[in-house]
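**Q** For reference, the structure I am asking about is given below.
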Amino acid sequence: MTNNTNTSFKAPNPSLQICDATSCSVRMAWEHSRQAPLSEEQQMLQALQREEAAHDLVRRRFLLTTEQYLKSDLGVCRT
């Protein structure tokens, strides 16, 4: 699948749009939103949430890799 990427770097709000080249339909769109400054407590909460998300991603990836390894060891999945 071929994609076209449209970007805009207007000062306050950069944006990104990825479109399918054949159908010209938008597959993903993102625009940076301006937010009011966060308090120190909110910044700490965001940092903790990012850290938790990273740990969750690593844990899920570990479990998936372990599952694939065990299946190949048991002869269940041959590729």
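Ordering of the structure tokens sets the chain letters (A, B, ...), residue numbers begin anew at 1 in every chain, and ligands are numbered from 1 in the order given.
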Please identify the strand (DSSP E) residues within chain A (assignment by DSSP from backbone atoms) and present them as a list in words.

**A** Asn3, Asn4, Thr5, Asn6, Thr7, Ser8, Ser15, Leu16, Gln17, Ile18, Cys19, Asp20, Val26, Arg27, Met28, Ala29, Trp30 and Glu31 of chain A

**Q** Counting only C-alpha atoms, which residue out of A:Arg50, A:Lys71, A:Lys10, A:Arg60 sits closest to A:Glu31?

**A** A:Lys10

**Q** Which one is closest to A:Thr7: A:Glu40, A:Trp30, A:His55, A:Ser23? Count only C-alpha atoms.

**A**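 Closest to A:Thr7 of all the choices is A:Trp30.
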
**Q** How would you write, as a PyMOL selection string, the set of residues in chain A that DSSP gives as helix (DSSP H, G or I)?

**A** chain A and resi 40-74

**Q** May I ask for the distance between atom CA of A:Asn3 and atom CA of A:Ala29, given in Å to one decimal place?

**A** 12.8 Å

**Q** To one decimal place, how far is atom CA of A:Leu16 from atom CA of A:His32 in Å?

**A** 9.0 Å
